[in-house]
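> Right, I'll just put the structure down here and ask away after.
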Amino acid sequence: MQVPAPFEYERATSVDQAIGLLERLGNSARLVAGGHSLLPMMKLRLANFEYLIDINDLHGELGYIRLGAGEVRIGAMTRHRELLESDALAEVFPIFRDAERVIADPIVRNRGTLGGSLCQADPSEDLSAVCTTLDASCVIRGPRNTERVVSMEEFHVGPYETAVADNEILTEIRIPVKPYASGSAYAKVERRAGDWAVVSAGAAIWLDAAGRIADARVGLAAVGPNTTGIPEISAALRGQEPAEALYELAGAIAARTCDPVTDTRGSADYKRHLADELTRRTLRTAVSRARS
Amino acid sequence: MTTVSERRETEFEDNDQKPVGFGRMLRKEDARLLRGRGRFVDDVQLPGMLHLAILRSPFAHASIVSIDTSAAEASPGVKAVVTGETLKGLGLAWMPTLSNDVQAVLATDKVRFQGQEVAFVVAEDRYQARDALELIDVEYDVLEPVIDVRKALEPDAPVIRTDLDGKTNNHVFDWETGDEEETNRVFAEADVIVKEDIVYPRVHPAPMETCGSVADFDPVEGKLRLWSTTQAPHAHRTLYAIVAGLPEHKIQVIAPDIGGGFGNKVPIYPGYVHSIVGSIVTGKPVKWMEDRSENLISTGFARDYIMRAEIAATRAGKILAIRTNVLADHGAFNGTAAPVKYPAGFFGVFTGSYDLKAAHCKMTAVYTNKAPGGVAYACSFRITEAVYLVERIVDALSYELRMDPAELRLKNFIQPEQFPYTTKTGWVYDSGDYEPTMRLAMEMAGYEDLRKEQALKRAKGELMGIGIAFFTEAVGAGPRKNMDILGLGMADGCELRVHPTGKAVVRLSVKTQGQGHETTFAQIIAEELGIPPADIDVVHGDTDNTPFGLGTYGSRSTPVSGAAAALVARKVRDKAKLIASAMLEVSVADLDWVKGVFQVKGDPGKSVTIQDIAMRAHGAGDLPDGMEGGLEAQICYNPSNLTYPHGAYICVVDIDPGTAEVKVRRFIAVDDCGTRINPMIIEGQVHGGLTDGVGMALMEMISFDEDGNCLGASLMDYLIPTALEVPDWETGFTVTPSPHHPIGAKGIGESATVGSPPAIVNAVVDALKPFGVRHADMPLTPSRVWDAMRGQATPPI
Ligand SMILES: Cc1cc2nc3c(=O)[nH]c(=O)nc-3n(C[C@H](O)[C@H](O)[C@H](O)COP(=O)(O)OP(=O)(O)OC[C@H]3O[C@@H](n4cnc5c(N)ncnc54)[C@H](O)[C@@H]3O)c2cc1C
């Protein structure tokens, strides 16, 4: 059994109380949500913190999926499993269900949270790519009821680093619902079920009444930052009629603009190829979903 | 010899039969294991028990300049901190490996692989022990490591084993088998020669339970009790006696329930010795339980063979000869688990199931700065490598000849009348009838239809592959005249005692790690004596309570200990017969044995049961003249030969042409392990081994970066397959009994691990035929398959 270094532990009773604790304890403290990223690192002693503030009791406050007219709001403590099982969410953004089916395993999904996934800021993390694809924004709460809303791009500071300060909490993700027929999809290549992505790709398409692409977005994971969209793809697709040649173009852009490294999951060349292949596949699926 | 074959349609319907003897029945041990009532080493709690943690080297190769333990010693709860220097004073810094090399118990001069043991801490709990490790200050002088095995023998390569007197290079051994001259002559005359470089990468057994021990040394009695994760409790006890200088009768090794072994628990690891030293030093029981990363980076690996294979054949597809040159990576210490006269294990069976004119192998083994081991990982001593080699090169030949791989194999099989068959490398195959096994697998697979489907798919650009592997294994080591481990002959004892009421206890020298010994051995006794398996207690894993023998690995339990169990039961039956003749007042010649009952010939109403006889043997009634009371016997079985199970495996894969992901669609496994004791247990062993094969073929590999950092140090990095990667296994069987085994049984424990990797790889390579691919090395991850599709297949090391 791998055992972590000594730490103190407290269960937060409200978001504000958690923020109060964070403010007092500074960077010696960490929030623990599902714990599926944090605890393995602590057991391997890659991360050592003096205090853990457990926010699982805040699931009542921060665990929700709310579908509004122009926006979907998802609480940071919403668990993978809840994202997977929500029919309402799958109806608007099928990309979530696609992704959740291939994230980790049921044990991890029962506990792991949307907030934890984003705050972990692992470049291979799938939900960040999903949120990027959907142009989500992140609601960050700090001391004295301050709240700020940042884009995915701003949320990302570097691998394993986010815009969330030591005394702040990510509380919510907001995803715009645009007034078009929309479709979205996610695809991932992994060496084995439950493994992190070799590469994954998400695509979202919005079609206008004439069936032309009003907007399109692609997000990739495991080939560089998963929080930056690929504006060049959006620009190339907007205003066009969906077509195979267009997906190919998008795939080529994805392969060209991503930034993979060779590791035990695969060679950089292969990952570039997958960025291309999976971009094409997800665009194809997204369009067919937008049409149906 | 008769061969029967059958394909079972309804695998599970009769699982709960209660046979008195052979047949399908639920496992006796499962009531305990499935309810969480198993008792594993980590469940052992003794009063006052302390906990041990090991400091390991972060470097692959470095001199130890100094070690400062003062801060660790002052840390809360710490009872002892021990370094190599401490052990040196006790003469315990080094210990023998299973291959007559030595291995550091704690490093003294330098560290030789990442993860090597440098010091240990004993503390009141495992957290304190682990915390104190961080306070040990070791100063290292980092040395250039030898990581690329191909460069290990270069003249300027750093010498790893400076501890060995006069060692000036990294050479471990050279080994050769077969007739080189004759083989070269046959090659010179052949129409076709196919050559391929084939790598079997380093993999790890990764059992669910990691290794560990609890040592309890009683200074008053001078007795050491050691609970440990061992597949070979008796061999370990003798080695501890030799290493530690403790008298053997004062050592009790107890292997409680073991959570998987696969060869990982054959060697003696430094950690076991640490716990013993820790207990002696502190006077308290000491527990050591390694964590997952420690298990993956420091305990016995398997494989790591780089093989150049060549096959010679006629244009018509008659295979003439095979020759191979192997470079073997043995890590920093040669800890291979194999009989001492077999430094390359049983690799000599690389001639496979084919009738050859000649064969030759030359092997060189080298040291590298990697973890030691080379354990029999579900591989019956390197047979996994041998079978992979021959089945891969035969497929490469079929590619060159444009001949169907099934047809090529059928054309070259050793024929039934040729058994016992002596191979060109000197192995005497006991029995076999290969064609029916192959034909059954083809029939179950619908082989012809699969080929048709493949042709249609290929025309559409879809990638479907069909892979075949046909294997012959050599298991059940072994005849003690030429097989021993560190001087201990590979024979096994067995003791059987029938109680007055006709219940029995059988004591074994082997040790289950999940294979189901408590059921299988009860069934063997039941078959011979007619006592129901439920009435037979199987005792094993405790050296104070079982006879000597070498343990469970290399599929040897049923071939060796199973034979011992059958023979000891027959001894008891012989005595029972004498008692029955007295009870029935007829001569022994007038008795018939009908499982469990002696009856008078021609008058079956006059009979006594084995239970009646047991009571008489212990009772007050008369016994035949001169006979002692009791109904028990003991034996030590020395096998006259190995047993040679065989099997035909067919795998069907689909490859996504866009992502290069491999999906195993179907897998047909027809096994022939001779007489089948419990078909359910056999199928379980096969299912497990096949799953293991999927892991090795598609994802598993322990790799290193150029500094010697292990890249497979957690199960996030070292992947093992899940239920989602494997198809529904389709199993079938034929039965060709072993002629020299008392019940005709051969081993089954490793067949599937041996046979499945080549079937899967052959299927993937077959799927990639449209790209002109003739070979691609494991692990066939999507990235590596994609390389192969583009004609850029590379070896994994
Ligand atoms: C076996 C396994 C397989 C996995 N496979 C995948 C996979 O295939 N794809 C994938 O994307 N992920 C995978 N994961 C990761 C998993 O999805 C993440 O562990 C999980 O979602 C992170 O969420 P958590 O709630 O567990 O976060 P935690 O581990 O609790 O926290 C992670 C980090 O986020 C911080 N944090 C958490 N919540 C907040 C908040 N509300 N505000 C501010 N900071 C916060 C914590 O302080 C910590 O630094 C896998 C994990 C495991 C163990």
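Chain identifiers are assigned as A, B, and so on, following the order in which chains appear in the structure tokens; residues are numbered from 1 within each chain, and ligands are numbered from 1 in order of appearance.
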Within 10 Å of Tyr186 (chain A), counting only C-alpha atoms, which residues show up once you throw out same-chain ones fewer than 3 positions away? Write them as a PyMOL selection string, please.
chain A and resi 94-102+126+129-130+133+200-204+218-220+278-279+281-283+285-286
> Can you list every residue in region 13-244 of chain A that DSSP puts in alpha helix (DSSP H), as a ChimeraX atom specification?
/A:15-25,38-43,59-62,80-85,87-92,94-101,106-111,114-120,126-133,152-155,231-237,244
> Residues of region 13-255 of chain A classed as strand (DSSP E or B) by DSSP on the backbone are to be reported as a PyMOL selection string.
chain A and resi 29-32+51-54+65-67+71-75+79+113+137-141+147-151+156-158+161-162+169-176+181-189+199-207+213-221
> Counting only C-alpha atoms and all ligand atoms, what residues are within 6 Å of ligand 1, given as a PyMOL selection string?
chain A and resi 30-38+76+103-104+108+112-113+115-117+119-120+125-127+169-171+194-196
> Contacts from chain B to chain A, 10 Å maximum, only C-alpha atoms: show me the residue list as JSON, numbers by chain.
{"B": [42, 126, 127, 128, 130, 131, 134, 210, 289, 290, 291, 292, 293, 294, 658, 659, 660, 661, 662, 695, 698, 699, 701, 703, 711, 712, 714, 715, 716, 717, 718, 719, 720, 721, 722, 723, 724, 725, 780, 781, 782, 783, 784, 785, 786, 787]}
> So, with only C-alpha atoms as the atoms that count, which of A:Val177, A:Lys43, A:Ala221, A:Tyr51 lies closest to Tyr9 (chain A)?
A:Tyr51
> Pick out the residues sitting within 10 Å of Gly222 (chain B), and hand them over as a tab-separated table (two decimals) with all heavy atoms, in the first residue's frame; count only C-alpha atoms, and ignore anything fewer than 6 positions along from it in its own chain.

chain	number	residue	atom	x	y	z
B	246	LEU	N	20.64	-20.18	9.90
B	246	LEU	CA	19.73	-20.71	10.93
B	246	LEU	C	19.49	-22.18	10.66
B	246	LEU	O	19.42	-22.59	9.51
B	246	LEU	CB	18.38	-19.98	10.86
B	246	LEU	CG	18.36	-18.52	11.29
B	246	LEU	CD1	17.02	-17.89	10.91
B	246	LEU	CD2	18.57	-18.41	12.79
B	247	PRO	N	19.37	-23.00	11.72
B	247	PRO	CA	19.08	-24.42	11.47
B	247	PRO	C	17.71	-24.58	10.80
B	247	PRO	O	16.76	-23.89	11.19
B	247	PRO	CB	19.09	-25.06	12.86
B	247	PRO	CG	19.32	-23.97	13.85
B	247	PRO	CD	19.46	-22.67	13.14
B	250	LYS	N	14.49	-24.90	12.66
B	250	LYS	CA	14.07	-23.74	13.44
B	250	LYS	C	13.47	-22.66	12.54
B	250	LYS	O	13.33	-21.51	12.93
B	250	LYS	CB	15.27	-23.17	14.20
B	250	LYS	CG	15.81	-24.10	15.27
B	250	LYS	CD	14.87	-24.14	16.47
B	250	LYS	CE	15.51	-24.89	17.64
B	250	LYS	NZ	14.53	-25.07	18.74
B	251	ILE	N	13.20	-23.03	11.31
B	251	ILE	CA	12.56	-22.08	10.39
B	251	ILE	C	11.23	-22.67	9.94
B	251	ILE	O	11.18	-23.80	9.46
B	251	ILE	CB	13.42	-21.81	9.14
B	251	ILE	CG1	14.83	-21.35	9.53
B	251	ILE	CG2	12.75	-20.77	8.24
B	251	ILE	CD1	15.77	-21.21	8.34
B	280	ILE	N	14.94	-9.98	14.02
B	280	ILE	CA	16.05	-10.39	14.90
B	280	ILE	C	16.60	-9.17	15.65
B	280	ILE	O	16.84	-9.21	16.85
B	280	ILE	CB	17.16	-11.10	14.07
B	280	ILE	CG1	16.63	-12.44	13.55
B	280	ILE	CG2	18.42	-11.31	14.92
B	280	ILE	CD1	17.57	-13.16	12.60
> Compile the contact shell of Val349 (chain B) as a PyMOL selection string: residues with an atom at most 10 Å away, counting only C-alpha atoms, same-chain residues fewer than 6 positions apart removed.
chain B and resi 382-387+390+423-429+471-474
> Would you save the residues from that selection as a short mmCIF file (atom, residue, chain, number, x, y, z; two decimals), in the first residue's frame, using N, CA, C and O atoms?

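See result-v4.cif below for the written result:
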data_model
loop_
_atom_site.label_atom_id
_atom_site.label_comp_id
_atom_site.auth_asym_id
_atom_site.auth_seq_id
_atom_site.Cartn_x
_atom_site.Cartn_y
_atom_site.Cartn_z
N ARG B 382 10.81 -20.09 -19.84
CA ARG B 382 11.23 -19.57 -21.16
C ARG B 382 10.55 -20.28 -22.35
O ARG B 382 10.96 -20.10 -23.49
N ILE B 383 9.55 -21.11 -22.07
CA ILE B 383 8.85 -21.74 -23.18
C ILE B 383 8.01 -20.70 -23.92
O ILE B 383 7.80 -20.80 -25.13
N THR B 384 7.58 -19.69 -23.19
CA THR B 384 6.80 -18.62 -23.83
C THR B 384 7.60 -18.00 -24.97
O THR B 384 7.08 -17.78 -26.06
N GLU B 385 8.87 -17.72 -24.68
CA GLU B 385 9.72 -17.12 -25.70
C GLU B 385 9.93 -18.10 -26.87
O GLU B 385 9.88 -17.72 -28.04
N ALA B 386 10.16 -19.37 -26.51
CA ALA B 386 10.44 -20.38 -27.53
C ALA B 386 9.25 -20.56 -28.46
O ALA B 386 9.39 -20.60 -29.69
N VAL B 387 8.06 -20.65 -27.87
CA VAL B 387 6.86 -20.87 -28.68
C VAL B 387 6.58 -19.63 -29.53
O VAL B 387 6.19 -19.73 -30.70
N VAL B 390 9.00 -19.75 -32.58
CA VAL B 390 8.72 -20.71 -33.66
C VAL B 390 7.40 -20.38 -34.34
O VAL B 390 7.29 -20.43 -35.58
N THR B 423 13.35 -34.43 -30.01
CA THR B 423 13.56 -33.29 -30.89
C THR B 423 15.05 -33.15 -31.19
O THR B 423 15.90 -33.76 -30.55
N LYS B 424 15.33 -32.27 -32.14
CA LYS B 424 16.72 -32.08 -32.56
C LYS B 424 17.52 -31.35 -31.48
O LYS B 424 18.72 -31.19 -31.58
N THR B 425 16.82 -30.88 -30.45
CA THR B 425 17.54 -30.28 -29.34
C THR B 425 17.47 -31.18 -28.10
O THR B 425 17.77 -30.75 -26.99
N GLY B 426 17.02 -32.41 -28.31
CA GLY B 426 17.14 -33.40 -27.24
C GLY B 426 15.97 -33.54 -26.28
O GLY B 426 16.09 -34.21 -25.25
N TRP B 427 14.84 -32.91 -26.56
CA TRP B 427 13.70 -33.04 -25.65
C TRP B 427 12.86 -34.23 -26.10
O TRP B 427 12.62 -34.41 -27.29
N VAL B 428 12.40 -35.02 -25.12
CA VAL B 428 11.62 -36.21 -25.47
C VAL B 428 10.14 -35.94 -25.20
O VAL B 428 9.68 -35.99 -24.06
N TYR B 429 9.42 -35.60 -26.27
CA TYR B 429 7.98 -35.33 -26.13
C TYR B 429 7.27 -36.63 -25.80
O TYR B 429 7.40 -37.63 -26.51
N PHE B 471 1.07 -24.86 -30.20
CA PHE B 471 2.21 -24.95 -29.30
C PHE B 471 2.35 -26.33 -28.67
O PHE B 471 1.38 -27.06 -28.51
N THR B 472 3.59 -26.66 -28.34
CA THR B 472 3.87 -27.79 -27.47
C THR B 472 4.69 -27.24 -26.32
O THR B 472 5.68 -26.54 -26.53
N GLU B 473 4.26 -27.53 -25.12
CA GLU B 473 4.96 -27.06 -23.92
C GLU B 473 5.71 -28.21 -23.29
O GLU B 473 5.36 -29.38 -23.51
N ALA B 474 6.70 -27.88 -22.47
CA ALA B 474 7.40 -28.89 -21.66
C ALA B 474 7.25 -28.45 -20.21
O ALA B 474 7.83 -27.45 -19.82
#
> Leaving out region 320-337 of chain B and any residue of its chain fewer than 5 positions from it, which residues lie within 6 Å of it when counting only C-alpha atoms, given as a ChimeraX atom specification?
/B:97-99,101,103,112,304-313,356-375
> Generate the output file for the selected residues, N, CA, C and O atoms, as a CSV table (one decimal), in the first residue's frame.

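Contents of out09.csv, as written:
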chain,number,residue,atom,x,y,z
B,97,THR,N,21.3,-15.9,-5.7
B,97,THR,CA,20.1,-15.9,-6.5
B,97,THR,C,19.8,-17.4,-6.9
B,97,THR,O,20.5,-18.3,-6.6
B,98,LEU,N,18.6,-17.6,-7.5
B,98,LEU,CA,18.2,-18.9,-7.9
B,98,LEU,C,19.1,-19.5,-9.0
B,98,LEU,O,19.0,-20.6,-9.4
B,99,SER,N,20.0,-18.6,-9.6
B,99,SER,CA,20.8,-19.1,-10.7
B,99,SER,C,22.3,-19.1,-10.3
B,99,SER,O,23.2,-18.9,-11.2
B,101,ASP,N,24.0,-16.9,-9.0
B,101,ASP,CA,24.7,-15.6,-8.9
B,101,ASP,C,24.5,-15.1,-7.5
B,101,ASP,O,23.9,-15.8,-6.7
B,103,GLN,N,23.1,-11.5,-5.2
B,103,GLN,CA,22.3,-10.3,-5.3
B,103,GLN,C,22.5,-9.6,-4.0
B,103,GLN,O,22.6,-10.2,-2.9
B,112,ARG,N,22.7,-0.8,-8.7
B,112,ARG,CA,22.8,-1.3,-10.0
B,112,ARG,C,21.5,-1.3,-10.8
B,112,ARG,O,21.5,-1.7,-12.0
B,304,ASP,N,12.3,-10.6,-22.1
B,304,ASP,CA,13.4,-9.7,-22.4
B,304,ASP,C,14.5,-10.5,-23.3
B,304,ASP,O,15.7,-10.5,-23.0
B,305,TYR,N,14.0,-11.1,-24.3
B,305,TYR,CA,14.8,-11.8,-25.3
B,305,TYR,C,14.8,-11.1,-26.6
B,305,TYR,O,13.7,-10.8,-27.1
B,306,ILE,N,16.0,-10.9,-27.2
B,306,ILE,CA,16.0,-10.4,-28.6
B,306,ILE,C,16.5,-11.6,-29.4
B,306,ILE,O,17.6,-12.1,-29.2
B,307,MET,N,15.6,-12.0,-30.3
B,307,MET,CA,15.9,-13.3,-31.0
B,307,MET,C,16.0,-13.0,-32.5
B,307,MET,O,15.1,-12.4,-33.1
B,308,ARG,N,17.0,-13.6,-33.1
B,308,ARG,CA,17.1,-13.6,-34.6
B,308,ARG,C,16.7,-15.0,-34.9
B,308,ARG,O,17.3,-16.0,-34.5
B,309,ALA,N,15.6,-15.1,-35.7
B,309,ALA,CA,15.1,-16.5,-36.0
B,309,ALA,C,15.3,-16.7,-37.5
B,309,ALA,O,15.0,-15.8,-38.3
B,310,GLU,N,15.7,-17.9,-37.9
B,310,GLU,CA,15.7,-18.3,-39.3
B,310,GLU,C,15.1,-19.7,-39.5
B,310,GLU,O,15.3,-20.6,-38.6
B,311,ILE,N,14.3,-19.8,-40.5
B,311,ILE,CA,13.7,-21.1,-40.8
B,311,ILE,C,14.0,-21.5,-42.2
B,311,ILE,O,14.1,-20.6,-43.1
B,312,ALA,N,14.3,-22.8,-42.4
B,312,ALA,CA,14.6,-23.3,-43.8
B,312,ALA,C,13.5,-24.3,-44.2
B,312,ALA,O,13.1,-25.1,-43.4
B,313,ALA,N,13.1,-24.2,-45.5
B,313,ALA,CA,12.0,-25.1,-45.9
B,313,ALA,C,12.2,-25.3,-47.4
B,313,ALA,O,13.0,-24.7,-48.1
B,356,LEU,N,11.5,-31.7,-37.6
B,356,LEU,CA,12.6,-31.0,-38.3
B,356,LEU,C,13.8,-32.0,-38.5
B,356,LEU,O,13.9,-33.0,-37.9
B,357,LYS,N,14.6,-31.5,-39.5
B,357,LYS,CA,15.9,-32.3,-39.7
B,357,LYS,C,17.0,-31.8,-38.9
B,357,LYS,O,17.9,-32.5,-38.5
B,358,ALA,N,16.9,-30.5,-38.5
B,358,ALA,CA,18.0,-29.9,-37.7
B,358,ALA,C,17.6,-28.7,-37.0
B,358,ALA,O,16.6,-28.0,-37.4
B,359,ALA,N,18.2,-28.3,-35.9
B,359,ALA,CA,17.9,-27.1,-35.2
B,359,ALA,C,19.2,-26.7,-34.4
B,359,ALA,O,20.0,-27.5,-34.0
B,360,HIS,N,19.3,-25.4,-34.2
B,360,HIS,CA,20.4,-24.9,-33.4
B,360,HIS,C,20.1,-23.6,-32.8
B,360,HIS,O,19.4,-22.7,-33.4
B,361,CYS,N,20.6,-23.4,-31.6
B,361,CYS,CA,20.4,-22.1,-30.9
B,361,CYS,C,21.7,-21.7,-30.2
B,361,CYS,O,22.3,-22.5,-29.6
B,362,LYS,N,22.0,-20.4,-30.3
B,362,LYS,CA,23.1,-19.9,-29.6
B,362,LYS,C,22.6,-18.7,-28.8
B,362,LYS,O,21.8,-17.9,-29.4
B,363,MET,N,22.9,-18.6,-27.6
B,363,MET,CA,22.4,-17.5,-26.8
B,363,MET,C,23.5,-16.9,-26.0
B,363,MET,O,24.4,-17.5,-25.5
B,364,THR,N,23.4,-15.6,-25.8
B,364,THR,CA,24.3,-14.8,-25.0
B,364,THR,C,23.5,-14.0,-24.0
B,364,THR,O,22.5,-13.3,-24.4
B,365,ALA,N,23.8,-14.2,-22.7
B,365,ALA,CA,23.0,-13.4,-21.7
B,365,ALA,C,24.0,-12.4,-21.1
B,365,ALA,O,25.1,-12.6,-20.9
B,366,VAL,N,23.4,-11.2,-20.9
B,366,VAL,CA,24.2,-10.1,-20.4
B,366,VAL,C,23.5,-9.4,-19.2
B,366,VAL,O,22.3,-9.5,-19.0
B,367,TYR,N,24.4,-8.7,-18.5
B,367,TYR,CA,23.9,-7.8,-17.4
B,367,TYR,C,23.6,-6.5,-17.9
B,367,TYR,O,24.3,-5.9,-18.8
B,368,THR,N,22.5,-5.9,-17.4
B,368,THR,CA,22.2,-4.4,-17.7
B,368,THR,C,21.8,-3.8,-16.4
B,368,THR,O,21.5,-4.5,-15.4
B,369,ASN,N,21.7,-2.5,-16.4
B,369,ASN,CA,21.2,-1.8,-15.1
B,369,ASN,C,19.7,-1.8,-15.0
B,369,ASN,O,19.1,-0.7,-15.0
B,370,LYS,N,19.2,-2.9,-15.0
B,370,LYS,CA,17.7,-3.1,-14.8
B,370,LYS,C,17.4,-4.1,-13.7
B,370,LYS,O,18.3,-4.9,-13.4
B,371,ALA,N,16.2,-4.1,-13.3
B,371,ALA,CA,15.8,-5.1,-12.2
B,371,ALA,C,16.2,-6.5,-12.6
B,371,ALA,O,16.1,-6.9,-13.8
B,372,PRO,N,16.6,-7.3,-11.6
B,372,PRO,CA,16.9,-8.7,-11.9
B,372,PRO,C,15.7,-9.5,-12.0
B,372,PRO,O,14.6,-9.1,-11.6
B,373,GLY,N,15.8,-10.8,-12.4
B,373,GLY,CA,14.6,-11.6,-12.4
B,373,GLY,C,14.7,-12.7,-13.5
B,373,GLY,O,15.5,-13.6,-13.4
B,374,GLY,N,13.9,-12.5,-14.5
B,374,GLY,CA,13.8,-13.6,-15.5
B,374,GLY,C,13.1,-14.8,-14.9
B,374,GLY,O,13.5,-15.9,-15.0
B,375,VAL,N,12.0,-14.5,-14.2
B,375,VAL,CA,11.2,-15.5,-13.5
B,375,VAL,C,10.4,-16.3,-14.5
B,375,VAL,O,10.1,-15.8,-15.6
> Residues at most 8 Å from region 757-760 of chain B, counting only C-alpha atoms, excluding those fewer than 5 positions away in the same chain, as a list in words?
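With the cut-off at 8 Å, the set is Val387, Tyr388, Glu391, Arg392, Gly467, Ile468, Ala469, Tyr649, Ile650, Cys651, Val652, Val653, Val664, Gly693, Val694, Met696 and Ala697 of chain B.
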> Would you mind telling me which residue in B:Thr238, B:Ser555, B:Gln513, B:Asn709 lies nearest to Gly487 (chain B) when using only C-alpha atoms?
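For Gly487 (chain B), the nearest of the given residues is B:Thr238.
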> Tell me which protein, DNA and RNA residues are within 12 Å of Thr282 (chain B), counting only C-alpha atoms, leaving out same-chain ones fewer than 6 positions away, and put them as an NGL selection string.
:B and (48-52 or 78-82 or 121-124 or 215-219 or 274-276)
> At what distance in Å, to one decimal, does CA of Pro533 (chain B) lie from CA of Thr501 (chain B)?
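About the pair CA of Thr501 (chain B) and CA of Pro533 (chain B): they are 14.6 Å apart.
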> Just how far from CA of Gln523 (chain B) is CA of Met25 (chain B), in Å to one decimal?
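Result for CA of Met25 (chain B) versus CA of Gln523 (chain B): 9.4 Å, one decimal.
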